[in-house]
Amino acid sequence: MSAPLTLKDFKSDQEVRWCPGCGDYAILSAMQKALADLGVSRENTVFVSGIGCSSRFPYYMNTYGFHSIHGRAPAVATGVKCANPELDVWVITGDGDGLSIGLGQLVHAIRRNLDFKIILFNNRIYGLTKGQYSPTSETGKVTKSTPDGSLDQPLNPLTVALASGATFVARCVDADVKHMQEVIARAAAHRGTAFVEVYQDCNVYNHHAFEYATDKKQRPDHLLYLEHGKPMVFGAGSDRGIRLDGLRPVVEKLDNGNQDGLLKHDESVHDPTLAMFLARMKHPEFPEPVGVLRAVSAPTYERRLMAQVQAAVEKRGNGDLDDLFNSGDVWDAK
Amino acid sequence: MSAPLTLKDFKSDQEVRWCPGCGDYAILSAMQKALADLGVSRENTVFVSGIGCSSRFPYYMNTYGFHSIHGRAPAVATGVKCANPELDVWVITGDGDGLSIGLGQLVHAIRRNLDFKIILFNNRIYGLTKGQYSPTSETGKVTKSTPDGSLDQPLNPLTVALASGATFVARCVDADVKHMQEVIARAAAHRGTAFVEVYQDCNVYNHHAFEYATDKKQRPDHLLYLEHGKPMVFGAGSDRGIRLDGLRPVVEKLDNGNQDGLLKHDESVHDPTLAMFLARMKHPEFPEPVGVLRAVSAPTYERRLMAQVQAAVEKRGNGDLDDLFNSGDVWDAK
Amino acid sequence: MKNPDTLEEAPAIDDSRIRLVDRVAIRFAGDSGDGMQLAGTQFTNTSAIFGNDVSTLPDFPAEIRAPAGTLAGVSGFQIQISSDDIFTPGDRIDALIAMNPAALKANLADLAGGGILIVNSDEFTPANLKRAGYAENPLESDLLADYRVHQIPITTHTVEAVKEAGLGSKESARCRNFYALGLVFWLYDRPLETTQNWIRRKFGKREDIARANELALHAGYNFGETAEMFALRYRVEPAKLPPGRYRNLTGNQALAIGLVAATRLAKKTLFYGSYPITPASDILHVLAGYKHFDVRTFQAEDEIAAVCSTIGAAYAGAIGVTASSGPGIALKQEAIGLAVMTELPIIVIDVQRGGPSTGLPTKTEQADLWQAIVGRNGECPVAVIAPMSPADCFEAAIEAVRIATRFMLPVMILSDGYIANSAEPWRVVKAADLAPIEIRHATNGGDFKPYQRDDHGSRPWAIPGTPGLEHRVGGLEKAAITGNVSYDPDNHQRMINQRADKIDRIAHEVPPQAVFGDTTGDLLIVTWGGTYGAARTATQRLQAQGASVSHAHLRWMNPFPANLGEVLGSFKHVLVCELNMGQLQTLIRGRYALDAEGLHKVKGRPFMVSEIVDAAERVLKAPSKSTGTHKSNGGVA
Amino acid sequence: MKNPDTLEEAPAIDDSRIRLVDRVAIRFAGDSGDGMQLAGTQFTNTSAIFGNDVSTLPDFPAEIRAPAGTLAGVSGFQIQISSDDIFTPGDRIDALIAMNPAALKANLADLAGGGILIVNSDEFTPANLKRAGYAENPLESDLLADYRVHQIPITTHTVEAVKEAGLGSKESARCRNFYALGLVFWLYDRPLETTQNWIRRKFGKREDIARANELALHAGYNFGETAEMFALRYRVEPAKLPPGRYRNLTGNQALAIGLVAATRLAKKTLFYGSYPITPASDILHVLAGYKHFDVRTFQAEDEIAAVCSTIGAAYAGAIGVTASSGPGIALKQEAIGLAVMTELPIIVIDVQRGGPSTGLPTKTEQADLWQAIVGRNGECPVAVIAPMSPADCFEAAIEAVRIATRFMLPVMILSDGYIANSAEPWRVVKAADLAPIEIRHATNGGDFKPYQRDDHGSRPWAIPGTPGLEHRVGGLEKAAITGNVSYDPDNHQRMINQRADKIDRIAHEVPPQAVFGDTTGDLLIVTWGGTYGAARTATQRLQAQGASVSHAHLRWMNPFPANLGEVLGSFKHVLVCELNMGQLQTLIRGRYALDAEGLHKVKGRPFMVSEIVDAAERVLKAPSKSTGTHKSNGGVA
Ligand SMILES: Cc1ncc(C[n+]2csc(CCOP(=O)(O)OP(=O)(O)O)c2C)c(N)n1
Ligand SMILES: Cc1ncc(C[n+]2csc(CCOP(=O)(O)OP(=O)(O)O)c2C)c(N)n1
Ligand code: SF4
Ligand code: SF4
Ligand SMILES: [Mg+2]
Ligand SMILES: [Mg+2]
């Protein structure tokens, strides 16, 4: 065996062309580091993306890569996985690419539970087309296309993924590279569709959209780092927690660090109610959960497809062309 | 004023061309009856549909109608409403039309909260193209296109609508025409996007898919008729109810009709957790809720759009072409 | 009534009543629920197995089940059988079986004068007459004076005949199509065996239904034999087909089988990503049953996902195929451009139907030619092949895969609703006789260049999983050789030329344009796709009349065969016949700056032979090449 | 350094150093972050207000910000100013301002021999040279021997000059584009006033930045005046434009304003449904600011929703408009078919860019002509108009609305990236001088027939809300007159003819094809869209040389003007020049069966005048009409 690969081995020879300061850089190096750490092979790894600043990602990975068309990366990836289930496939998309034009492809890929990992770079704006509001932009967003403020309610990427039946759902922020690597590694380990939202700063068209979540000082108060089986605690001194009140979460100031009665995180429960309601926790009312919201196991599409092929071969024998040609009502002319 | 319109007045002169016994007939007459009862005017009413058996609906309504293309009815309706917010617009779609090819249009229309009503005829099959599985077909469904069984997890139409931020979500079944009329009337009264799923029998390609919910005998045991403010009770003798256990619903046999401790329905709570979890209650584990799951008020897209127009006129005066032509750096050539 | 079990052999034939004829065209017509497609298919199979050449034309409504008894609900199935080669289902029909008044009304105009008309008199009730829009009962008027009318209470007879099977009255009446079929079998002197076997296979599990259908079939046959209602019977002798084994295939079946064959010939996996649409869905249905050939079918959420999954599969090394009809192909165009730019081999099948928009979903048309060849953004060439008949779909599928993988580009197969649904005998080939499709994937060889071209002008097909070939593709313009993103002006021109050049090279890989008849003369009839049959028959007829007419049928629509210009230039007149308003005509004129004339028809139906003969005769009478009577591109005359 | 406040008036001119010239072409080039588009725009506006005719060509990278200092990051802006009518930004440039080595490398080839080259020497560091791919410093080699090179440490000067404004060093350096602009203003003897006003307006709230930019502007100007580095200055006198008021408009601005005007002329509401895409997004941005004109803009979730919302709006009685570029138009095609079938008036704008697929998003091309005219399923004609210049977009928008509403059909406007982003003076019109667009909606009149045609062949526009006109439309074929669904064969042909017929009638509504030059002769140059300017200039040049050359520029692409065949037939040669591989050429040949030749270029750039002149001279030298050298439709030569 050759020497283990390092972060550098996953860098392609192409110049990275994002704006200086763009959050995409952090995601790129987190991915490169994570893949090196996981010890995957370059030739077995495929990055598929749509169109957007984020979707330039594959060019910078020294693996196989497909920069497809706007919104359709999940469909392209579906074909890749059906043709060769052995490949490690990553789908890179943006909030516009994945939730606007590509929403249908995203949802349907997720409900099939194809075994690929989707990373959605959420900068709450259309970067590449120079700053129109996106499906995750807050209502009232003033942009080039909405000088008087946008009118639509934003979509919540995690809710969409959960409503689609996602078997793995997670979130991380570009400013916390170490945590991002962990999440990426968890996604990679999942069998089935993994959906990861990354809060990403577009420092040209939507700078500081996630400042509350990325700024080092504010972060502890505004992010809830989820850990399976652990009570939900957050705050600078781990001084607050989440309790359940009927069907609603409540923030509770901890009494001397006493965590009794706090909600415990369970990423593996099959019913998505908990994950759904975590996904809906929004700043500033609540801290926003990061980490793995849901990770349950279910058979993947391509495995089941191959099982059907296998079963057919077992039942009918490996298809024979002459049998096929001669099937049905045949007759002979002399 | 002329005489009030009757069911008959809403019948167009076109022969109805569904298969004999199709559930669509019941929906058609429920709609005609409901509109007559509501006293709406024919000329102000527009039915917009996509493609599918269900989408032939507009031809049979003696109102304005638009049988558009596959999956895009919500987008067409968006244009209609933006051009003329005064119209009463109904969108008719199927499980294939609305949740497969048209998912993006459906979700985005809902999140905008345009003031139209969407009726999704869910027969869990593609009827018009002669019987392929649809996004609501159960996993393992054997159809023409899936002789070995389908592989995808079904989408839940109500969950999709709720995840899109629907302000009104309801369900009814083709076999209970009276209840369907009530639900239609409630949808009509809602300001904003109303989403109604109808369990509809395709008696040619998916007969009895909803027998448990439509058969007169089985219905009481398998349907939970929701009523705002009322405890959730069901069963032939109203002998069972729904209780909350943490974040999960439990079916409880009522002790002598005692309804204490049962979950009370609240369609108007803004947090969608309750509605989401009702939407997820599935036969045979649970009775399936019918009626209004959610009805909350929020400003509509077209009203806010018109308010922006209004504000612009107030601020800048009613646009004057000569001002527009002469704006910017102008100079005179002699 | 005799026990059908004792009737396994056809009753002795009174030969004196049988007249030998060369060909005969029959149409079964009834309500959608009457099982006419089934009756037609059975008659076709029996005749094919009997040894006739056959050609069929099914015609059914767009609604699943339009209201019973209405014109909208009429379903028809036309078959021509012949002792010679035939290419069409026939212009006019010799016999019409009308199961109700609406079927009579919708089809009578096509029945030749003096033709046989069999009606199910049971259905000519006042209510049904009204539904069909008949003011008076045609059976009682002189509307039918020109025909040999046979009124038979088919429903009554059937119910009576099947009694012993013990079905309910509704189910009993449902067997009436077999009664009608049996009668027609008698009339045309066909054996019952094939249909009997089929009934046994199909209804094996429902003995009562199987039995009832058999009883009905024989009852119909026997009625013909005993009723003395028919003065004559007809027999069409077996055709002198080239020796070999045959089976009937519809175009959609032939495409599916051809794709499976091509994939095997290429030692590949077939990935088929598609979204249902009439009239293409059956390809998906057929392929979904071939999983033991490692066929992986994927019903996508829409056409865009279907084609994109196909592109992904091709990228990963499979034979990626997608199919749709006009509206769905429109949706796929953006992604087809991606396949052009990434130079990946995919197959896109367009089973054309009546347009524009949703149009006439169950009717045939050839109006997607422009869409196929030039209907994308930018200079975006794909290769296009149009099979000429149902059986030819088999060969076309194999050729498409061969060209796509050799030249690394999308190939579009332009079928149509007529080819897709109608059947003709296909001569069964031996797998071993088919030429393998050689595919060489790039392998690790040091400095890999994803856009370095080989001697076909093709870039290497380097599939994920191969160490050392890691590379990135996408929809932005690619630098020659390296495949990196490039905005360089000269590179853009170079790449556009190279992509076009691949298309041009195909012209030298495909057979030169053949001509049926003399290679020079007064008139060349040019056709493509499903219009082949009518034009070939018309040409034969014209030649027999001594006219200087030849026929050139195009299979490759892009590129045109290398010698096409020369072929066209050798005739005084060129007449392009197509089921659109002049799409190939315009392309030919545009390419060769030659005043080709056109015969255009968009009626959701194939050409009749006589329409082409008439047009040819008009052109031949014209003094010289007429000047273009062209109108705008929206409406070329 | 003088206080710029005292410099509000231009310093006294040493007239002896100023040379009068007819026209001059300048290009500002630098890194994407260098503000070159701004400098170019300011020079343009100043010159336009000064009274010159101007023509511009912005050219920027597809990335938001490619890496600083690289070739990929170079952004350029070319302006030609003239004392005469001009139609192009110029083939070669007379002066190049290169703000870094990459800008020099990317642009030097276009600088005319002996041209002025101003470089920011501060940026010629080893690191930047390497990024630009220069092995040695060109300023120190003889690479620049042919040019009049002026090395100026622009950054250093700027930082020095703006000190008193009190900005940080990074912000100070950012003012260097104004320094460069000031210097070029001096060199071409332009007043500073327009830019000064602009700075005040733009940075009003940031007094320090406003001041710094002003200081930089004046410092550059003064450097020119005092440094004695430039032997000569140049002045281009005001052009003799027809008298009137002018303003500069880009094509996208002109489309937006034209649409607002058209809507007002029609007494309607404008609904604009669109999904962002380069280079069309700006139309949305501009229109979103016109809400006080009751303009309702809708950013849809994708192109399909955008066009469908537009169709819905048209159905409900608004002027519905959607826009995109090639890939997005491909996605809209299915729905455009629906508008054709329902015969609703919508406007679809295609701002073409380099293709196929994602292609070259920021570059110009004319390769969507086929897509526009015939790129849909079925026989699906729409009217197509192509504005010929940025200002012409205003007129084209109005005409499009007029035709769409009169004939009840979709009209496509084919703009391109060049027209969209470049600017030219537009003569301000008076609203009262514009002809109203008359729209008659159907009103309740008894027995309403939604597909009963008027004397334009149009069906009535009956909008929801009108009592008594309740009716249903859709994508299935419609019955003539009643508009009910119809699968009738003859009705289908009739409707296809009627839809085509409307297109043909438009040919008689639009002006006949005009010819610049003699209406008969050796050569007719034919162009469309944004190639107008280069071809017109080339024709003038050829005519001046005495060649028998004329020019016909098409605006309506479908239908062609009624007399076009006649016009083309009056010349020995026809040369179609277009930024694609022969799309109009093929259509013209197809339509008129005439051997039109072609000049094709797909390099993401407009034609140079010299390219057309050369091609014309080649054709003129050919002995006679050359035979078609056409290749397949993928690659027409
Ligand atoms: C079919 C099509 N429509 C529109 C576009 C233009 N477009 C490119 S990227 C983009 C939005 C990107 O937004 P997002 O996915 O959020 O990516 P970001 O740039 O913010 O990373 C759009 C509208 C396109 N390339 N193709
Ligand atoms: C673009 C396009 N793709 C595919 C089709 C074919 N098609 C028509 S209806 C339909 C599915 C209809 O299913 P659903 O919406 O569930 O309607 P139902 O017939 O069951 O009422 C499909 C795939 C089409 N008409 N247009
Ligand atoms: S525009 Fe925004 S998202 Fe795009 S590269 Fe620049 S900073 Fe990143
Ligand atoms: S196919 Fe099914 S859904 Fe369609 S009309 Fe028939 S019964 Fe109804
Ligand atoms: Mg984004
Ligand atoms: Mg359905």
# chains A, B, ... in the order shown; residues from 1 in each chain; ligands from 1
>>> select_by_dssp(residues="stretch 112-348 of chain C", states="helix (DSSP H, G or I)", output="count of residues only")
128
>>> residues_around(residues="B:Gln153", least_positions_apart="2", cutoff="8 Å", atoms="only C-alpha atoms", output="list in words")
Arg111, Arg112 and Gly165 of chain A; Pro135, Glu138, Thr139, Leu151 and Leu155 of chain B
>>> interface_residues(of="chain D", to="chain A", cutoff="7 Å", atoms="only C-alpha atoms", output="JSON, numbers by chain")
{"D": [63, 64, 65, 66, 67, 276, 277, 278, 284, 285, 288, 289, 301, 302]}
>>> write_last_selection(atoms="N, CA and C atoms", output="mmCIF file, in the first residue's frame")
data_model
loop_
_atom_site.group_PDB
_atom_site.id
_atom_site.type_symbol
_atom_site.label_atom_id
_atom_site.label_comp_id
_atom_site.auth_asym_id
_atom_site.auth_seq_id
_atom_site.Cartn_x
_atom_site.Cartn_y
_atom_site.Cartn_z
ATOM 1 N N GLU D 63 -16.395 34.450 -12.664
ATOM 2 C CA GLU D 63 -16.333 34.342 -11.210
ATOM 3 C C GLU D 63 -16.656 35.694 -10.595
ATOM 4 N N ILE D 64 -17.234 35.662 -9.405
ATOM 5 C CA ILE D 64 -17.469 36.912 -8.700
ATOM 6 C C ILE D 64 -16.143 37.617 -8.488
ATOM 7 N N ARG D 65 -15.228 36.918 -7.889
ATOM 8 C CA ARG D 65 -13.882 37.467 -7.773
ATOM 9 C C ARG D 65 -12.852 36.392 -7.968
ATOM 10 N N ALA D 66 -12.341 36.327 -9.153
ATOM 11 C CA ALA D 66 -11.282 35.361 -9.416
ATOM 12 C C ALA D 66 -10.052 35.828 -8.642
ATOM 13 N N PRO D 67 -9.064 34.961 -8.444
ATOM 14 C CA PRO D 67 -7.905 35.316 -7.624
ATOM 15 C C PRO D 67 -7.226 36.578 -8.151
ATOM 16 N N PRO D 276 -33.073 34.625 -11.671
ATOM 17 C CA PRO D 276 -31.818 35.292 -12.018
ATOM 18 C C PRO D 276 -30.902 34.431 -12.889
ATOM 19 N N ILE D 277 -30.272 35.046 -13.843
ATOM 20 C CA ILE D 277 -29.237 34.392 -14.649
ATOM 21 C C ILE D 277 -28.469 35.468 -15.397
ATOM 22 N N THR D 278 -27.183 35.296 -15.478
ATOM 23 C CA THR D 278 -26.327 36.191 -16.248
ATOM 24 C C THR D 278 -26.562 35.907 -17.722
ATOM 25 N N LEU D 284 -34.465 42.311 -14.259
ATOM 26 C CA LEU D 284 -35.247 42.144 -13.019
ATOM 27 C C LEU D 284 -34.893 43.229 -12.012
ATOM 28 N N HIS D 285 -33.595 43.474 -11.857
ATOM 29 C CA HIS D 285 -33.174 44.464 -10.867
ATOM 30 C C HIS D 285 -33.728 45.851 -11.200
ATOM 31 N N ALA D 288 -37.595 45.922 -10.729
ATOM 32 C CA ALA D 288 -38.009 45.866 -9.331
ATOM 33 C C ALA D 288 -38.043 47.261 -8.702
ATOM 34 N N GLY D 289 -37.341 48.190 -9.307
ATOM 35 C CA GLY D 289 -37.332 49.566 -8.813
ATOM 36 C C GLY D 289 -38.451 50.420 -9.399
ATOM 37 N N GLU D 301 -38.959 30.497 -8.386
ATOM 38 C CA GLU D 301 -38.022 29.494 -7.881
ATOM 39 C C GLU D 301 -37.208 28.868 -8.998
ATOM 40 N N ASP D 302 -37.623 29.010 -10.224
ATOM 41 C CA ASP D 302 -36.854 28.522 -11.362
ATOM 42 C C ASP D 302 -37.454 29.110 -12.636
#
>>> interface_residues(of="chain B", to="chain A", cutoff="10 Å", atoms="only C-alpha atoms", output="CSV table (one decimal) with N, CA and C atoms, in the first residue's frame")
chain,number,residue,atom,x,y,z
B,99,LEU,N,-46.6,16.3,-6.5
B,99,LEU,CA,-45.5,15.9,-5.6
B,99,LEU,C,-44.3,15.3,-6.3
B,100,SER,N,-44.5,15.0,-7.6
B,100,SER,CA,-43.3,14.5,-8.4
B,100,SER,C,-42.7,15.6,-9.2
B,101,ILE,N,-43.2,15.8,-10.4
B,101,ILE,CA,-42.6,16.8,-11.3
B,101,ILE,C,-42.8,18.2,-10.7
B,102,GLY,N,-43.9,18.4,-10.0
B,102,GLY,CA,-44.3,19.8,-9.6
B,102,GLY,C,-44.0,20.1,-8.2
B,103,LEU,N,-43.2,19.3,-7.5
B,103,LEU,CA,-42.9,19.5,-6.1
B,103,LEU,C,-42.3,20.9,-5.8
B,104,GLY,N,-41.4,21.3,-6.7
B,104,GLY,CA,-40.8,22.6,-6.4
B,104,GLY,C,-41.8,23.7,-6.5
B,105,GLN,N,-42.7,23.7,-7.5
B,105,GLN,CA,-43.7,24.7,-7.7
B,105,GLN,C,-44.7,24.7,-6.5
B,106,LEU,N,-45.0,23.5,-6.0
B,106,LEU,CA,-46.0,23.4,-4.9
B,106,LEU,C,-45.4,24.0,-3.7
B,107,VAL,N,-44.2,23.6,-3.3
B,107,VAL,CA,-43.6,24.0,-2.1
B,107,VAL,C,-43.4,25.5,-2.1
B,108,HIS,N,-42.9,26.0,-3.2
B,108,HIS,CA,-42.6,27.5,-3.2
B,108,HIS,C,-43.8,28.3,-3.2
B,109,ALA,N,-44.9,27.8,-3.9
B,109,ALA,CA,-46.1,28.6,-3.8
B,109,ALA,C,-46.6,28.6,-2.4
B,110,ILE,N,-46.5,27.5,-1.7
B,110,ILE,CA,-47.0,27.4,-0.3
B,110,ILE,C,-46.2,28.4,0.6
B,111,ARG,N,-44.9,28.4,0.4
B,111,ARG,CA,-44.1,29.2,1.3
B,111,ARG,C,-44.3,30.7,1.1
B,112,ARG,N,-44.9,31.0,-0.1
B,112,ARG,CA,-45.2,32.4,-0.3
B,112,ARG,C,-46.5,32.8,0.3
B,113,ASN,N,-47.3,31.8,0.6
B,113,ASN,CA,-48.6,32.1,1.1
B,113,ASN,C,-49.5,32.9,0.2
B,114,LEU,N,-49.5,32.5,-1.1
B,114,LEU,CA,-50.4,33.1,-2.0
B,114,LEU,C,-51.8,32.7,-1.7
B,135,PRO,N,-45.3,9.3,-6.0
B,135,PRO,CA,-44.5,9.6,-4.8
B,135,PRO,C,-45.3,9.3,-3.5
B,139,THR,N,-43.9,1.9,-0.3
B,139,THR,CA,-42.7,1.2,-0.7
B,139,THR,C,-43.0,-0.2,-1.0
B,148,ASP,N,-41.1,-5.5,-9.7
B,148,ASP,CA,-40.5,-6.1,-8.5
B,148,ASP,C,-40.7,-5.3,-7.2
B,149,GLY,N,-41.6,-4.3,-7.4
B,149,GLY,CA,-41.8,-3.4,-6.2
B,149,GLY,C,-41.0,-2.1,-6.2
B,150,SER,N,-41.7,-1.0,-5.8
B,150,SER,CA,-41.0,0.3,-5.8
B,150,SER,C,-40.0,0.3,-4.6
B,151,LEU,N,-39.0,1.2,-4.7
B,151,LEU,CA,-38.0,1.3,-3.7
B,151,LEU,C,-38.0,2.5,-2.8
B,152,ASP,N,-38.7,3.5,-3.3
B,152,ASP,CA,-38.7,4.8,-2.6
B,152,ASP,C,-39.6,4.9,-1.4
B,153,GLN,N,-39.2,5.6,-0.4
B,153,GLN,CA,-40.2,5.9,0.7
B,153,GLN,C,-41.2,6.9,0.2
B,154,PRO,N,-42.5,6.7,0.6
B,154,PRO,CA,-43.5,7.7,0.1
B,154,PRO,C,-43.3,9.1,0.8
B,155,LEU,N,-43.7,10.1,0.0
B,155,LEU,CA,-43.8,11.4,0.7
B,155,LEU,C,-45.2,11.5,1.3
B,156,ASN,N,-45.3,12.2,2.4
B,156,ASN,CA,-46.6,12.5,3.0
B,156,ASN,C,-47.0,13.9,2.6
B,157,PRO,N,-48.0,14.1,1.9
B,157,PRO,CA,-48.4,15.4,1.3
B,157,PRO,C,-48.6,16.4,2.4
B,158,LEU,N,-49.2,16.0,3.5
B,158,LEU,CA,-49.4,17.0,4.6
B,158,LEU,C,-48.1,17.5,5.2
B,159,THR,N,-47.2,16.5,5.4
B,159,THR,CA,-45.9,16.9,6.0
B,159,THR,C,-45.2,17.8,5.0
B,160,VAL,N,-45.2,17.5,3.8
B,160,VAL,CA,-44.6,18.4,2.8
B,160,VAL,C,-45.2,19.8,2.9
B,161,ALA,N,-46.5,19.9,2.9
B,161,ALA,CA,-47.1,21.2,3.0
B,161,ALA,C,-46.7,21.9,4.3
B,162,LEU,N,-46.7,21.2,5.4
B,162,LEU,CA,-46.4,21.8,6.7
B,162,LEU,C,-44.9,22.3,6.7
B,163,ALA,N,-44.0,21.5,6.1
B,163,ALA,CA,-42.6,21.8,6.1
B,163,ALA,C,-42.4,23.1,5.2
B,164,SER,N,-43.3,23.3,4.3
B,164,SER,CA,-43.3,24.5,3.4
B,164,SER,C,-43.9,25.7,4.1
B,165,GLY,N,-44.4,25.5,5.3
B,165,GLY,CA,-45.0,26.6,6.0
B,165,GLY,C,-46.4,26.9,5.7
B,244,LEU,N,-50.9,12.2,24.6
B,244,LEU,CA,-49.5,12.5,24.3
B,244,LEU,C,-48.6,11.7,25.3
B,245,ASP,N,-47.5,11.1,24.7
B,245,ASP,CA,-46.5,10.5,25.6
B,245,ASP,C,-45.2,11.1,25.2
B,246,GLY,N,-44.7,12.1,25.9
B,246,GLY,CA,-43.5,12.8,25.5
B,246,GLY,C,-43.7,13.5,24.2
B,247,LEU,N,-43.0,13.1,23.2
B,247,LEU,CA,-43.3,13.7,21.9
B,247,LEU,C,-44.1,12.8,21.0
B,248,ARG,N,-44.7,11.7,21.6
B,248,ARG,CA,-45.4,10.7,20.7
B,248,ARG,C,-46.8,10.6,21.0
B,271,ASP,N,-47.0,27.4,16.2
B,271,ASP,CA,-45.9,26.3,16.0
B,271,ASP,C,-46.5,25.1,15.4
B,272,PRO,N,-45.9,24.6,14.3
B,272,PRO,CA,-46.5,23.5,13.6
B,272,PRO,C,-46.3,22.1,14.2
B,273,THR,N,-45.7,22.0,15.3
B,273,THR,CA,-45.4,20.7,15.9
B,273,THR,C,-46.6,19.8,15.9
B,274,LEU,N,-47.7,20.3,16.5
B,274,LEU,CA,-48.9,19.5,16.6
B,274,LEU,C,-49.4,19.0,15.3
B,276,MET,N,-47.8,18.8,12.5
B,276,MET,CA,-46.8,17.8,11.9
B,276,MET,C,-47.0,16.4,12.5
B,277,PHE,N,-47.2,16.4,13.7
B,277,PHE,CA,-47.3,15.1,14.3
B,277,PHE,C,-48.6,14.4,14.1
B,280,ARG,N,-48.3,12.9,10.7
B,280,ARG,CA,-47.5,11.6,10.6
B,280,ARG,C,-48.3,10.4,11.1
B,299,PRO,N,-50.0,37.3,6.5
B,299,PRO,CA,-50.2,38.1,5.3
B,299,PRO,C,-50.0,37.3,4.0
B,300,THR,N,-50.7,37.6,3.0
B,300,THR,CA,-50.6,36.8,1.7
B,300,THR,C,-49.6,37.6,0.9
B,301,TYR,N,-49.0,36.8,-0.1
B,301,TYR,CA,-48.0,37.3,-1.0
B,301,TYR,C,-48.5,38.5,-1.8
B,302,GLU,N,-49.7,38.3,-2.4
B,302,GLU,CA,-50.2,39.3,-3.3
B,302,GLU,C,-50.6,40.6,-2.6
B,303,ARG,N,-51.1,40.4,-1.4
B,303,ARG,CA,-51.4,41.6,-0.6
B,303,ARG,C,-50.2,42.4,-0.3
B,304,ARG,N,-49.1,41.7,0.1
B,304,ARG,CA,-47.9,42.4,0.4
B,304,ARG,C,-47.3,43.0,-0.9
B,305,LEU,N,-47.4,42.3,-2.0
B,305,LEU,CA,-46.9,42.9,-3.2
B,305,LEU,C,-47.6,44.1,-3.6
B,308,GLN,N,-46.5,47.0,-1.5
B,308,GLN,CA,-45.2,47.6,-2.0
B,308,GLN,C,-45.5,48.5,-3.2
B,309,VAL,N,-46.4,48.1,-4.0
B,309,VAL,CA,-46.7,49.0,-5.2
B,309,VAL,C,-47.3,50.3,-4.6
B,311,ALA,N,-47.0,51.6,-1.7
B,311,ALA,CA,-46.0,52.4,-1.0
B,311,ALA,C,-45.2,53.2,-2.0
B,312,ALA,N,-44.8,52.5,-3.1
B,312,ALA,CA,-43.9,53.1,-4.0
B,312,ALA,C,-44.7,54.3,-4.7
>>> select_by_dssp(residues="stretch 219-354 of chain D", states="strand (DSSP E)", output="ChimeraX atom specification")
/D:233-236,244-250,270-274,295-299,319-324,346-352
>>> residues_around(residues="A:Ala236", least_positions_apart="4", cutoff="12 Å", atoms="only C-alpha atoms", output="ChimeraX atom specification")
/A:216-225,240-241,253,287
>>> residues_around(residues="D:Arg605", least_positions_apart="5", cutoff="10 Å", atoms="only C-alpha atoms", output="list in words")
Pro489 of chain C; Leu57, Asp59, Gly354, Lys363, Thr364, Glu365, Gly417, Tyr418 and Leu579 of chain D
>>> closest_residue(among="D:Thr520, D:Gln371, D:Ser570, D:Ser415", to="chain C", atoms="only C-alpha atoms")
D:Gln371
